[in-house]
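One file, final30.cif, carrying mmCIF, N, CA and C atoms:
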```
data_input
#
loop_
_atom_site.label_atom_id
_atom_site.label_comp_id
_atom_site.auth_asym_id
_atom_site.auth_seq_id
_atom_site.Cartn_x
_atom_site.Cartn_y
_atom_site.Cartn_z
N MET A 1 110.02 -113.75 223.13
CA MET A 1 108.61 -113.93 222.89
C MET A 1 108.22 -113.12 221.66
N GLN A 2 107.60 -113.79 220.71
CA GLN A 2 107.14 -113.11 219.50
C GLN A 2 105.63 -113.00 219.54
N ILE A 3 105.14 -111.76 219.58
CA ILE A 3 103.71 -111.51 219.69
C ILE A 3 103.20 -110.93 218.38
N ARG A 4 102.10 -111.48 217.94
CA ARG A 4 101.41 -110.98 216.75
C ARG A 4 100.07 -110.40 217.21
N TYR A 5 99.73 -109.23 216.68
CA TYR A 5 98.45 -108.61 216.98
C TYR A 5 97.56 -108.72 215.75
N THR A 6 96.30 -109.05 215.97
CA THR A 6 95.35 -109.16 214.88
C THR A 6 94.01 -108.59 215.32
N ASP A 7 93.26 -108.05 214.39
CA ASP A 7 91.93 -107.53 214.73
C ASP A 7 90.82 -108.41 214.17
N SER A 8 91.15 -109.68 213.96
CA SER A 8 90.15 -110.62 213.48
C SER A 8 90.24 -111.93 214.26
N PRO A 9 89.14 -112.30 214.92
CA PRO A 9 89.14 -113.57 215.65
C PRO A 9 88.75 -114.76 214.77
N VAL A 10 88.66 -114.56 213.46
CA VAL A 10 88.18 -115.60 212.55
C VAL A 10 89.00 -116.89 212.65
N SER A 11 90.31 -116.77 212.77
CA SER A 11 91.16 -117.96 212.78
C SER A 11 91.43 -118.50 214.18
N ILE A 12 90.74 -117.97 215.19
CA ILE A 12 90.93 -118.38 216.58
C ILE A 12 89.88 -119.42 216.95
N TYR A 13 90.31 -120.44 217.69
CA TYR A 13 89.41 -121.48 218.18
C TYR A 13 89.26 -121.36 219.69
N PRO A 14 88.12 -121.80 220.24
CA PRO A 14 87.91 -121.68 221.68
C PRO A 14 89.04 -122.26 222.53
N ASN A 15 89.64 -123.35 222.11
CA ASN A 15 90.71 -123.96 222.93
C ASN A 15 91.96 -123.09 223.02
N GLN A 16 92.06 -122.04 222.22
CA GLN A 16 93.19 -121.11 222.29
C GLN A 16 92.95 -119.99 223.29
N LEU A 17 91.85 -120.05 224.02
CA LEU A 17 91.43 -118.97 224.92
C LEU A 17 91.51 -119.37 226.39
N GLN A 18 92.28 -120.34 226.72
CA GLN A 18 92.35 -120.83 228.10
C GLN A 18 93.15 -119.89 229.00
N GLY A 19 92.70 -119.78 230.26
CA GLY A 19 93.44 -119.04 231.27
C GLY A 19 92.96 -117.62 231.54
N PHE A 20 91.94 -117.16 230.83
CA PHE A 20 91.44 -115.81 231.03
C PHE A 20 90.38 -115.77 232.14
N PHE A 21 89.98 -114.58 232.53
CA PHE A 21 88.93 -114.31 233.52
C PHE A 21 89.33 -114.81 234.91
N VAL A 22 90.59 -114.64 235.25
CA VAL A 22 91.11 -115.01 236.56
C VAL A 22 90.40 -114.17 237.62
N GLY A 23 89.93 -114.81 238.66
CA GLY A 23 89.27 -114.13 239.75
C GLY A 23 87.77 -113.91 239.56
N TRP A 24 87.26 -114.21 238.38
CA TRP A 24 85.82 -114.08 238.17
C TRP A 24 85.12 -115.21 238.93
N SER A 25 84.03 -114.91 239.61
CA SER A 25 83.33 -115.94 240.37
C SER A 25 82.64 -116.95 239.47
N ASN A 26 82.27 -116.55 238.28
CA ASN A 26 81.60 -117.44 237.33
C ASN A 26 82.05 -117.07 235.92
N PRO A 27 83.26 -117.47 235.54
CA PRO A 27 83.78 -117.03 234.24
C PRO A 27 83.01 -117.63 233.07
N PRO A 28 83.00 -116.92 231.95
CA PRO A 28 82.35 -117.48 230.77
C PRO A 28 83.10 -118.71 230.26
N SER A 29 82.36 -119.60 229.63
CA SER A 29 82.98 -120.78 229.03
C SER A 29 83.87 -120.35 227.87
N LEU A 30 84.73 -121.24 227.42
CA LEU A 30 85.59 -120.93 226.27
C LEU A 30 84.74 -120.61 225.04
N GLU A 31 83.65 -121.33 224.87
CA GLU A 31 82.76 -121.09 223.73
C GLU A 31 82.09 -119.73 223.82
N LYS A 32 81.65 -119.35 225.03
CA LYS A 32 81.02 -118.04 225.22
C LYS A 32 82.04 -116.92 225.00
N HIS A 33 83.27 -117.12 225.48
CA HIS A 33 84.34 -116.15 225.28
C HIS A 33 84.60 -115.98 223.78
N HIS A 34 84.67 -117.08 223.06
CA HIS A 34 84.88 -117.04 221.62
C HIS A 34 83.76 -116.27 220.93
N GLU A 35 82.54 -116.48 221.36
CA GLU A 35 81.38 -115.78 220.79
C GLU A 35 81.49 -114.27 221.04
N VAL A 36 81.91 -113.88 222.25
CA VAL A 36 82.09 -112.46 222.57
C VAL A 36 83.09 -111.83 221.61
N LEU A 37 84.21 -112.50 221.36
CA LEU A 37 85.22 -111.97 220.45
C LEU A 37 84.66 -111.80 219.04
N ARG A 38 83.92 -112.78 218.58
CA ARG A 38 83.37 -112.73 217.22
C ARG A 38 82.29 -111.68 217.05
N LYS A 39 81.51 -111.43 218.09
CA LYS A 39 80.35 -110.54 217.96
C LYS A 39 80.62 -109.09 218.39
N SER A 40 81.77 -108.81 218.96
CA SER A 40 82.09 -107.44 219.34
C SER A 40 82.33 -106.61 218.09
N ASP A 41 82.02 -105.31 218.16
CA ASP A 41 82.28 -104.43 217.02
C ASP A 41 83.77 -104.38 216.71
N TYR A 42 84.58 -104.34 217.76
CA TYR A 42 86.04 -104.35 217.59
C TYR A 42 86.62 -105.40 218.53
N CYS A 43 87.60 -106.10 218.04
CA CYS A 43 88.30 -107.11 218.81
C CYS A 43 89.75 -107.11 218.34
N ILE A 44 90.66 -106.96 219.27
CA ILE A 44 92.08 -107.04 218.93
C ILE A 44 92.68 -108.11 219.83
N LEU A 45 93.44 -108.99 219.23
CA LEU A 45 94.03 -110.12 219.94
C LEU A 45 95.54 -110.02 219.93
N ALA A 46 96.16 -110.44 221.03
CA ALA A 46 97.61 -110.63 221.09
C ALA A 46 97.84 -112.12 221.11
N ILE A 47 98.67 -112.60 220.21
CA ILE A 47 98.90 -114.03 220.06
C ILE A 47 100.39 -114.33 220.22
N ASP A 48 100.70 -115.27 221.09
CA ASP A 48 102.06 -115.77 221.22
C ASP A 48 102.27 -116.73 220.07
N GLU A 49 103.09 -116.34 219.09
CA GLU A 49 103.24 -117.13 217.88
C GLU A 49 103.90 -118.48 218.15
N LYS A 50 104.83 -118.54 219.08
CA LYS A 50 105.49 -119.80 219.38
C LYS A 50 104.52 -120.80 220.02
N GLU A 51 103.72 -120.30 220.96
CA GLU A 51 102.77 -121.16 221.67
C GLU A 51 101.44 -121.33 220.90
N GLU A 52 101.22 -120.49 219.90
CA GLU A 52 99.99 -120.50 219.11
C GLU A 52 98.75 -120.39 219.99
N LYS A 53 98.80 -119.42 220.93
CA LYS A 53 97.65 -119.20 221.79
C LYS A 53 97.43 -117.71 221.98
N VAL A 54 96.19 -117.37 222.28
CA VAL A 54 95.83 -115.99 222.58
C VAL A 54 96.33 -115.68 223.98
N ILE A 55 97.08 -114.58 224.12
CA ILE A 55 97.62 -114.20 225.42
C ILE A 55 97.02 -112.91 225.94
N GLY A 56 96.25 -112.23 225.09
CA GLY A 56 95.57 -111.01 225.49
C GLY A 56 94.53 -110.62 224.46
N PHE A 57 93.55 -109.84 224.90
CA PHE A 57 92.52 -109.37 223.98
C PHE A 57 91.86 -108.14 224.55
N ILE A 58 91.26 -107.36 223.66
CA ILE A 58 90.45 -106.21 224.04
C ILE A 58 89.26 -106.16 223.09
N THR A 59 88.09 -105.78 223.62
CA THR A 59 86.89 -105.70 222.80
C THR A 59 86.18 -104.38 223.06
N ALA A 60 85.42 -103.95 222.07
CA ALA A 60 84.62 -102.73 222.21
C ALA A 60 83.33 -102.87 221.41
N ILE A 61 82.31 -102.19 221.89
CA ILE A 61 81.07 -102.05 221.15
C ILE A 61 80.85 -100.57 220.92
N THR A 62 80.23 -100.22 219.80
CA THR A 62 80.10 -98.81 219.44
C THR A 62 78.92 -98.58 218.51
N ASP A 63 78.46 -97.33 218.49
CA ASP A 63 77.46 -96.93 217.49
C ASP A 63 78.13 -96.39 216.23
N HIS A 64 79.47 -96.31 216.25
CA HIS A 64 80.29 -95.84 215.12
C HIS A 64 80.06 -94.36 214.79
N VAL A 65 79.42 -93.63 215.71
CA VAL A 65 79.16 -92.21 215.50
C VAL A 65 79.69 -91.39 216.67
N LEU A 66 79.10 -91.58 217.84
CA LEU A 66 79.46 -90.77 219.00
C LEU A 66 80.08 -91.54 220.16
N THR A 67 79.65 -92.78 220.37
CA THR A 67 80.04 -93.47 221.59
C THR A 67 80.60 -94.86 221.33
N ALA A 68 81.50 -95.24 222.22
CA ALA A 68 82.05 -96.60 222.22
C ALA A 68 82.28 -97.01 223.66
N TYR A 69 82.24 -98.29 223.88
CA TYR A 69 82.44 -98.84 225.21
C TYR A 69 83.46 -99.97 225.12
N ILE A 70 84.55 -99.84 225.85
CA ILE A 70 85.53 -100.92 225.92
C ILE A 70 84.97 -101.92 226.93
N SER A 71 84.59 -103.08 226.43
CA SER A 71 83.90 -104.04 227.28
C SER A 71 84.84 -104.98 228.02
N LEU A 72 85.94 -105.36 227.42
CA LEU A 72 86.86 -106.30 228.07
C LEU A 72 88.30 -106.01 227.66
N LEU A 73 89.20 -106.16 228.61
CA LEU A 73 90.64 -106.17 228.35
C LEU A 73 91.24 -107.19 229.29
N GLU A 74 91.92 -108.16 228.74
CA GLU A 74 92.55 -109.20 229.54
C GLU A 74 93.89 -109.56 228.94
N VAL A 75 94.86 -109.79 229.80
CA VAL A 75 96.15 -110.36 229.42
C VAL A 75 96.41 -111.50 230.40
N LEU A 76 96.82 -112.65 229.88
CA LEU A 76 97.09 -113.79 230.76
C LEU A 76 98.11 -113.39 231.82
N PRO A 77 97.91 -113.83 233.06
CA PRO A 77 98.79 -113.42 234.17
C PRO A 77 100.27 -113.59 233.88
N GLU A 78 100.66 -114.66 233.27
CA GLU A 78 102.08 -114.90 233.02
C GLU A 78 102.68 -113.99 231.94
N TYR A 79 101.83 -113.24 231.23
CA TYR A 79 102.30 -112.33 230.19
C TYR A 79 102.15 -110.86 230.61
N GLN A 80 101.60 -110.62 231.79
CA GLN A 80 101.42 -109.24 232.25
C GLN A 80 102.77 -108.61 232.57
N GLY A 81 102.82 -107.28 232.46
CA GLY A 81 104.03 -106.55 232.76
C GLY A 81 104.97 -106.39 231.58
N HIS A 82 104.52 -106.77 230.39
CA HIS A 82 105.35 -106.66 229.18
C HIS A 82 104.80 -105.65 228.17
N GLY A 83 103.80 -104.85 228.60
CA GLY A 83 103.26 -103.83 227.71
C GLY A 83 102.19 -104.31 226.75
N ILE A 84 101.76 -105.56 226.89
CA ILE A 84 100.77 -106.11 225.97
C ILE A 84 99.43 -105.42 226.13
N GLY A 85 98.99 -105.22 227.37
CA GLY A 85 97.73 -104.53 227.62
C GLY A 85 97.74 -103.12 227.08
N ALA A 86 98.82 -102.40 227.32
CA ALA A 86 98.95 -101.03 226.82
C ALA A 86 98.90 -100.99 225.29
N GLU A 87 99.54 -101.96 224.67
CA GLU A 87 99.52 -102.03 223.19
C GLU A 87 98.10 -102.32 222.69
N LEU A 88 97.39 -103.20 223.36
CA LEU A 88 96.01 -103.50 222.96
C LEU A 88 95.13 -102.25 223.10
N VAL A 89 95.27 -101.53 224.21
CA VAL A 89 94.50 -100.30 224.42
C VAL A 89 94.82 -99.28 223.33
N GLN A 90 96.10 -99.07 223.06
CA GLN A 90 96.52 -98.10 222.06
C GLN A 90 95.96 -98.44 220.68
N ARG A 91 96.06 -99.70 220.31
CA ARG A 91 95.54 -100.12 218.99
C ARG A 91 94.04 -99.92 218.89
N LEU A 92 93.31 -100.21 219.98
CA LEU A 92 91.87 -100.01 219.96
C LEU A 92 91.52 -98.53 219.90
N LEU A 93 92.20 -97.71 220.69
CA LEU A 93 91.92 -96.27 220.66
C LEU A 93 92.21 -95.67 219.29
N GLU A 94 93.19 -96.19 218.57
CA GLU A 94 93.43 -95.74 217.20
C GLU A 94 92.24 -96.06 216.31
N LYS A 95 91.65 -97.23 216.49
CA LYS A 95 90.47 -97.60 215.70
C LYS A 95 89.26 -96.75 216.04
N LEU A 96 89.20 -96.29 217.31
CA LEU A 96 88.07 -95.49 217.77
C LEU A 96 88.32 -93.99 217.63
N HIS A 97 89.40 -93.63 216.99
CA HIS A 97 89.74 -92.21 216.79
C HIS A 97 88.57 -91.49 216.14
N GLY A 98 88.21 -90.36 216.69
CA GLY A 98 87.10 -89.58 216.14
C GLY A 98 85.79 -89.82 216.86
N ILE A 99 85.72 -90.87 217.65
CA ILE A 99 84.51 -91.11 218.44
C ILE A 99 84.51 -90.12 219.61
N TYR A 100 83.37 -89.51 219.89
CA TYR A 100 83.26 -88.48 220.92
C TYR A 100 83.63 -89.00 222.31
N THR A 101 83.06 -90.13 222.71
CA THR A 101 83.33 -90.65 224.05
C THR A 101 83.62 -92.15 223.99
N VAL A 102 84.67 -92.54 224.67
CA VAL A 102 85.04 -93.95 224.82
C VAL A 102 85.02 -94.23 226.32
N ASP A 103 84.10 -95.08 226.73
CA ASP A 103 83.91 -95.39 228.14
C ASP A 103 84.32 -96.82 228.44
N MET A 104 84.60 -97.06 229.71
CA MET A 104 84.77 -98.43 230.20
C MET A 104 84.60 -98.41 231.71
N LEU A 105 84.22 -99.54 232.25
CA LEU A 105 84.16 -99.72 233.70
C LEU A 105 85.30 -100.66 234.08
N CYS A 106 85.89 -100.44 235.24
CA CYS A 106 86.91 -101.35 235.73
C CYS A 106 86.90 -101.34 237.25
N ASP A 107 87.54 -102.31 237.82
CA ASP A 107 87.66 -102.37 239.27
C ASP A 107 88.55 -101.22 239.74
N PRO A 108 88.29 -100.70 240.95
CA PRO A 108 89.03 -99.52 241.43
C PRO A 108 90.55 -99.66 241.38
N GLU A 109 91.08 -100.83 241.66
CA GLU A 109 92.54 -100.99 241.66
C GLU A 109 93.16 -100.89 240.27
N LEU A 110 92.33 -100.96 239.22
CA LEU A 110 92.83 -100.85 237.85
C LEU A 110 92.78 -99.42 237.30
N ILE A 111 92.14 -98.51 238.01
CA ILE A 111 92.00 -97.14 237.52
C ILE A 111 93.36 -96.50 237.22
N PRO A 112 94.36 -96.59 238.09
CA PRO A 112 95.66 -95.98 237.76
C PRO A 112 96.26 -96.52 236.45
N TYR A 113 96.09 -97.81 236.20
CA TYR A 113 96.60 -98.38 234.95
C TYR A 113 95.94 -97.70 233.75
N PHE A 114 94.63 -97.60 233.77
CA PHE A 114 93.92 -97.00 232.63
C PHE A 114 94.18 -95.50 232.52
N GLU A 115 94.38 -94.84 233.65
CA GLU A 115 94.77 -93.43 233.58
C GLU A 115 96.12 -93.29 232.88
N SER A 116 97.00 -94.27 233.05
CA SER A 116 98.31 -94.21 232.39
C SER A 116 98.20 -94.37 230.88
N THR A 117 97.06 -94.86 230.39
CA THR A 117 96.85 -94.98 228.94
C THR A 117 96.18 -93.74 228.35
N GLY A 118 95.90 -92.74 229.21
CA GLY A 118 95.28 -91.51 228.73
C GLY A 118 93.81 -91.39 229.07
N MET A 119 93.24 -92.43 229.66
CA MET A 119 91.83 -92.36 230.04
C MET A 119 91.71 -91.56 231.34
N LYS A 120 90.52 -91.04 231.58
CA LYS A 120 90.26 -90.23 232.77
C LYS A 120 89.25 -90.93 233.67
N ARG A 121 89.43 -90.73 234.97
CA ARG A 121 88.54 -91.30 235.98
C ARG A 121 87.12 -90.74 235.79
N ALA A 122 86.12 -91.61 235.93
CA ALA A 122 84.72 -91.21 235.86
C ALA A 122 83.92 -92.12 236.76
N GLU A 123 82.66 -91.79 236.96
CA GLU A 123 81.79 -92.65 237.76
C GLU A 123 80.81 -93.34 236.85
N GLY A 124 80.30 -94.47 237.30
CA GLY A 124 79.33 -95.21 236.51
C GLY A 124 78.53 -96.16 237.38
N VAL A 125 77.61 -96.84 236.78
CA VAL A 125 76.80 -97.84 237.45
C VAL A 125 76.76 -99.09 236.59
N VAL A 126 76.40 -100.21 237.20
CA VAL A 126 76.45 -101.48 236.48
C VAL A 126 75.46 -102.47 237.08
N ILE A 127 74.97 -103.36 236.25
CA ILE A 127 74.24 -104.56 236.69
C ILE A 127 75.05 -105.74 236.17
N ARG A 128 75.37 -106.68 237.02
CA ARG A 128 76.11 -107.87 236.60
C ARG A 128 75.27 -109.10 236.90
N ASN A 129 74.84 -109.77 235.86
CA ASN A 129 74.06 -110.98 235.97
C ASN A 129 75.01 -112.16 235.81
N GLU A 130 75.62 -112.60 236.90
CA GLU A 130 76.67 -113.62 236.83
C GLU A 130 76.19 -114.95 236.30
N LYS A 131 74.92 -115.28 236.47
CA LYS A 131 74.39 -116.53 235.93
C LYS A 131 74.39 -116.49 234.41
N ARG A 132 74.14 -115.33 233.85
CA ARG A 132 74.03 -115.18 232.39
C ARG A 132 75.39 -115.21 231.70
N GLN A 133 76.44 -114.71 232.33
CA GLN A 133 77.73 -114.57 231.66
C GLN A 133 78.35 -115.90 231.25
N SER A 134 78.09 -116.97 231.97
CA SER A 134 78.70 -118.25 231.62
C SER A 134 77.87 -119.02 230.61
N GLY A 135 76.74 -118.48 230.25
CA GLY A 135 75.91 -119.13 229.26
C GLY A 135 74.83 -119.98 229.88
N LEU A 136 74.63 -119.88 231.18
CA LEU A 136 73.60 -120.68 231.86
C LEU A 136 72.21 -120.18 231.55
#
```

What does the file become when written as structure tokens?
Amino acid sequence: MQIRYTDSPVSIYPNQLQGFFVGWSNPPSLEKHHEVLRKSDYCILAIDEKEEKVIGFITAITDHVLTAYISLLEVLPEYQGHGIGAELVQRLLEKLHGIYTVDMLCDPELIPYFESTGMKRAEGVVIRNEKRQSGL
């Protein structure tokens, strides 16, 4: 498997984003997902060059001074376990070097994974408007 990493979603089309958001009760449409990638302050993509499809991505929003928030990290299920997620996290943290705080929220079962990338456990709160995420 030959994977290419890029920090520009410019050459990506919505149809290359199939298979993400597994387990979400109301996943965003391919077009909404594409918009998220384009409008995030930082976006790093993992692309399977042979298949010409996106197999993983990470996004962040930031004030570029003190704070950043990792908003999404996804790797297609069939590509998990190959270090792609860890590589995406590492590449993003390199871009955010010097930022005082980098936060993210995740489901409890994912905390050990993110701790393995150097992040520390914290508490937070959230509002999730599931009707809004799909573009409804």

### Task
May I ask which of the residues A:Met119, A:Leu96, A:Ile127, A:Ile12 is the closest one to A:Leu66, counting only C-alpha atoms?
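Ranked by minimum distance to A:Leu66, first place goes to A:Leu96.
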
### Task
Enumerate, as a list in words, the residues matched when the PyMOL selection byres ((chain A and resi 49-64) around 6.5) is run on the file above.
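Applying the PyMOL selection byres ((chain A and resi 49-64) around 6.5) to the structure shown produces Gln2, Ile3, Arg4, Gln16, Leu17, Ser40, Asp41, Tyr42, Cys43, Ile44, Leu45, Ala46, Ile47, Asp48, Val65, Leu66, Thr67, Ala68, Tyr69, Ile70, Ser71, Leu72, Leu73, Glu74, Val75, Leu76 and Leu88 of chain A.
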
To test your reading of the structure, identify every residue in chain A that backbone DSSP assigns to strand (DSSP E or B), and report it as a PDB file with N, CA and C atoms, keeping the file's coordinate frame.
```pdb
ATOM      1  N   ILE A   3     105.140-111.760 219.580  1.00  0.00           N
ATOM      2  CA  ILE A   3     103.710-111.510 219.690  1.00  0.00           C
ATOM      3  C   ILE A   3     103.200-110.930 218.380  1.00  0.00           C
ATOM      4  N   ARG A   4     102.100-111.480 217.940  1.00  0.00           N
ATOM      5  CA  ARG A   4     101.410-110.980 216.750  1.00  0.00           C
ATOM      6  C   ARG A   4     100.070-110.400 217.210  1.00  0.00           C
ATOM      7  N   TYR A   5      99.730-109.230 216.680  1.00  0.00           N
ATOM      8  CA  TYR A   5      98.450-108.610 216.980  1.00  0.00           C
ATOM      9  C   TYR A   5      97.560-108.720 215.750  1.00  0.00           C
ATOM     10  N   THR A   6      96.300-109.050 215.970  1.00  0.00           N
ATOM     11  CA  THR A   6      95.350-109.160 214.880  1.00  0.00           C
ATOM     12  C   THR A   6      94.010-108.590 215.320  1.00  0.00           C
ATOM     13  N   TYR A  42      84.580-104.340 217.760  1.00  0.00           N
ATOM     14  CA  TYR A  42      86.040-104.350 217.590  1.00  0.00           C
ATOM     15  C   TYR A  42      86.620-105.400 218.530  1.00  0.00           C
ATOM     16  N   CYS A  43      87.600-106.100 218.040  1.00  0.00           N
ATOM     17  CA  CYS A  43      88.300-107.110 218.810  1.00  0.00           C
ATOM     18  C   CYS A  43      89.750-107.110 218.340  1.00  0.00           C
ATOM     19  N   ILE A  44      90.660-106.960 219.270  1.00  0.00           N
ATOM     20  CA  ILE A  44      92.080-107.040 218.930  1.00  0.00           C
ATOM     21  C   ILE A  44      92.680-108.110 219.830  1.00  0.00           C
ATOM     22  N   LEU A  45      93.440-108.990 219.230  1.00  0.00           N
ATOM     23  CA  LEU A  45      94.030-110.120 219.940  1.00  0.00           C
ATOM     24  C   LEU A  45      95.540-110.020 219.930  1.00  0.00           C
ATOM     25  N   ALA A  46      96.160-110.440 221.030  1.00  0.00           N
ATOM     26  CA  ALA A  46      97.610-110.630 221.090  1.00  0.00           C
ATOM     27  C   ALA A  46      97.840-112.120 221.110  1.00  0.00           C
ATOM     28  N   ILE A  47      98.670-112.600 220.210  1.00  0.00           N
ATOM     29  CA  ILE A  47      98.900-114.030 220.060  1.00  0.00           C
ATOM     30  C   ILE A  47     100.390-114.330 220.220  1.00  0.00           C
ATOM     31  N   ASP A  48     100.700-115.270 221.090  1.00  0.00           N
ATOM     32  CA  ASP A  48     102.060-115.770 221.220  1.00  0.00           C
ATOM     33  C   ASP A  48     102.270-116.730 220.070  1.00  0.00           C
ATOM     34  N   LYS A  53      98.800-119.420 220.930  1.00  0.00           N
ATOM     35  CA  LYS A  53      97.650-119.200 221.790  1.00  0.00           C
ATOM     36  C   LYS A  53      97.430-117.710 221.980  1.00  0.00           C
ATOM     37  N   VAL A  54      96.190-117.370 222.280  1.00  0.00           N
ATOM     38  CA  VAL A  54      95.830-115.990 222.580  1.00  0.00           C
ATOM     39  C   VAL A  54      96.330-115.680 223.980  1.00  0.00           C
ATOM     40  N   ILE A  55      97.080-114.580 224.120  1.00  0.00           N
ATOM     41  CA  ILE A  55      97.620-114.200 225.420  1.00  0.00           C
ATOM     42  C   ILE A  55      97.020-112.910 225.940  1.00  0.00           C
ATOM     43  N   GLY A  56      96.250-112.230 225.090  1.00  0.00           N
ATOM     44  CA  GLY A  56      95.570-111.010 225.490  1.00  0.00           C
ATOM     45  C   GLY A  56      94.530-110.620 224.460  1.00  0.00           C
ATOM     46  N   PHE A  57      93.550-109.840 224.900  1.00  0.00           N
ATOM     47  CA  PHE A  57      92.520-109.370 223.980  1.00  0.00           C
ATOM     48  C   PHE A  57      91.860-108.140 224.550  1.00  0.00           C
ATOM     49  N   ILE A  58      91.260-107.360 223.660  1.00  0.00           N
ATOM     50  CA  ILE A  58      90.450-106.210 224.040  1.00  0.00           C
ATOM     51  C   ILE A  58      89.260-106.160 223.090  1.00  0.00           C
ATOM     52  N   THR A  59      88.090-105.780 223.620  1.00  0.00           N
ATOM     53  CA  THR A  59      86.890-105.700 222.800  1.00  0.00           C
ATOM     54  C   THR A  59      86.180-104.380 223.060  1.00  0.00           C
ATOM     55  N   ALA A  60      85.420-103.950 222.070  1.00  0.00           N
ATOM     56  CA  ALA A  60      84.620-102.730 222.210  1.00  0.00           C
ATOM     57  C   ALA A  60      83.330-102.870 221.410  1.00  0.00           C
ATOM     58  N   ILE A  61      82.310-102.190 221.890  1.00  0.00           N
ATOM     59  CA  ILE A  61      81.070-102.050 221.150  1.00  0.00           C
ATOM     60  C   ILE A  61      80.850-100.570 220.920  1.00  0.00           C
ATOM     61  N   THR A  62      80.230-100.220 219.800  1.00  0.00           N
ATOM     62  CA  THR A  62      80.100 -98.810 219.440  1.00  0.00           C
ATOM     63  C   THR A  62      78.920 -98.580 218.510  1.00  0.00           C
ATOM     64  N   THR A  67      79.650 -92.780 220.370  1.00  0.00           N
ATOM     65  CA  THR A  67      80.040 -93.470 221.590  1.00  0.00           C
ATOM     66  C   THR A  67      80.600 -94.860 221.330  1.00  0.00           C
ATOM     67  N   ALA A  68      81.500 -95.240 222.220  1.00  0.00           N
ATOM     68  CA  ALA A  68      82.050 -96.600 222.220  1.00  0.00           C
ATOM     69  C   ALA A  68      82.280 -97.010 223.660  1.00  0.00           C
ATOM     70  N   TYR A  69      82.240 -98.290 223.880  1.00  0.00           N
ATOM     71  CA  TYR A  69      82.440 -98.840 225.210  1.00  0.00           C
ATOM     72  C   TYR A  69      83.460 -99.970 225.120  1.00  0.00           C
ATOM     73  N   ILE A  70      84.550 -99.840 225.850  1.00  0.00           N
ATOM     74  CA  ILE A  70      85.530-100.920 225.920  1.00  0.00           C
ATOM     75  C   ILE A  70      84.970-101.920 226.930  1.00  0.00           C
ATOM     76  N   SER A  71      84.590-103.080 226.430  1.00  0.00           N
ATOM     77  CA  SER A  71      83.900-104.040 227.280  1.00  0.00           C
ATOM     78  C   SER A  71      84.840-104.980 228.020  1.00  0.00           C
ATOM     79  N   LEU A  72      85.940-105.360 227.420  1.00  0.00           N
ATOM     80  CA  LEU A  72      86.860-106.300 228.070  1.00  0.00           C
ATOM     81  C   LEU A  72      88.300-106.010 227.660  1.00  0.00           C
ATOM     82  N   LEU A  73      89.200-106.160 228.610  1.00  0.00           N
ATOM     83  CA  LEU A  73      90.640-106.170 228.350  1.00  0.00           C
ATOM     84  C   LEU A  73      91.240-107.190 229.290  1.00  0.00           C
ATOM     85  N   GLU A  74      91.920-108.160 228.740  1.00  0.00           N
ATOM     86  CA  GLU A  74      92.550-109.200 229.540  1.00  0.00           C
ATOM     87  C   GLU A  74      93.890-109.560 228.940  1.00  0.00           C
ATOM     88  N   VAL A  75      94.860-109.790 229.800  1.00  0.00           N
ATOM     89  CA  VAL A  75      96.150-110.360 229.420  1.00  0.00           C
ATOM     90  C   VAL A  75      96.410-111.500 230.400  1.00  0.00           C
ATOM     91  N   THR A 101      83.060 -90.130 222.710  1.00  0.00           N
ATOM     92  CA  THR A 101      83.330 -90.650 224.050  1.00  0.00           C
ATOM     93  C   THR A 101      83.620 -92.150 223.990  1.00  0.00           C
ATOM     94  N   VAL A 102      84.670 -92.540 224.670  1.00  0.00           N
ATOM     95  CA  VAL A 102      85.040 -93.950 224.820  1.00  0.00           C
ATOM     96  C   VAL A 102      85.020 -94.230 226.320  1.00  0.00           C
ATOM     97  N   ASP A 103      84.100 -95.080 226.730  1.00  0.00           N
ATOM     98  CA  ASP A 103      83.910 -95.390 228.140  1.00  0.00           C
ATOM     99  C   ASP A 103      84.320 -96.820 228.440  1.00  0.00           C
TER     100      ASP A 103
END
```

### Task
Using backbone DSSP assignments, extract all alpha helix (DSSP H) residues from stretch 11-56 of chain A; output them as a VMD selection string.
chain A and resid 30 to 39

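The spacing separating atom N of A:Glu94 from atom C of A:Glu109 amounts to 22.2 Å.
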
### Query
Which is closest to A:Phe21 among A:His34, A:Pro77, A:His82, A:Met104, if we use all atoms listed in the file?
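Of all the options, A:Pro77 lies closest to A:Phe21.
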
### atom N of A:Gly124 to atom CA of A:Glu35, straight-line distance in Å
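If I compute the distance from atom CA of A:Glu35 to atom N of A:Gly124, I get 27.0 Å.
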
#### Entry: Separation of atom CA of A:Val89 from atom C of A:Lys120 in Å
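According to the coordinates, atom C of A:Lys120 and atom CA of A:Val89 are separated by 14.2 Å.
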
### Query
Looking at only C-alpha atoms, which of A:Met1, A:Asn26, A:Arg38, A:Thr117 is the one that sits closest to A:Tyr13?
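Ranked by minimum distance to A:Tyr13, first place goes to A:Arg38.
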
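Among the candidate residues A:Ser8, A:Pro112, A:Pro14, A:Gly118, the one lying nearest to A:Glu31 is A:Pro14, with distances computed using all atoms listed in the file.
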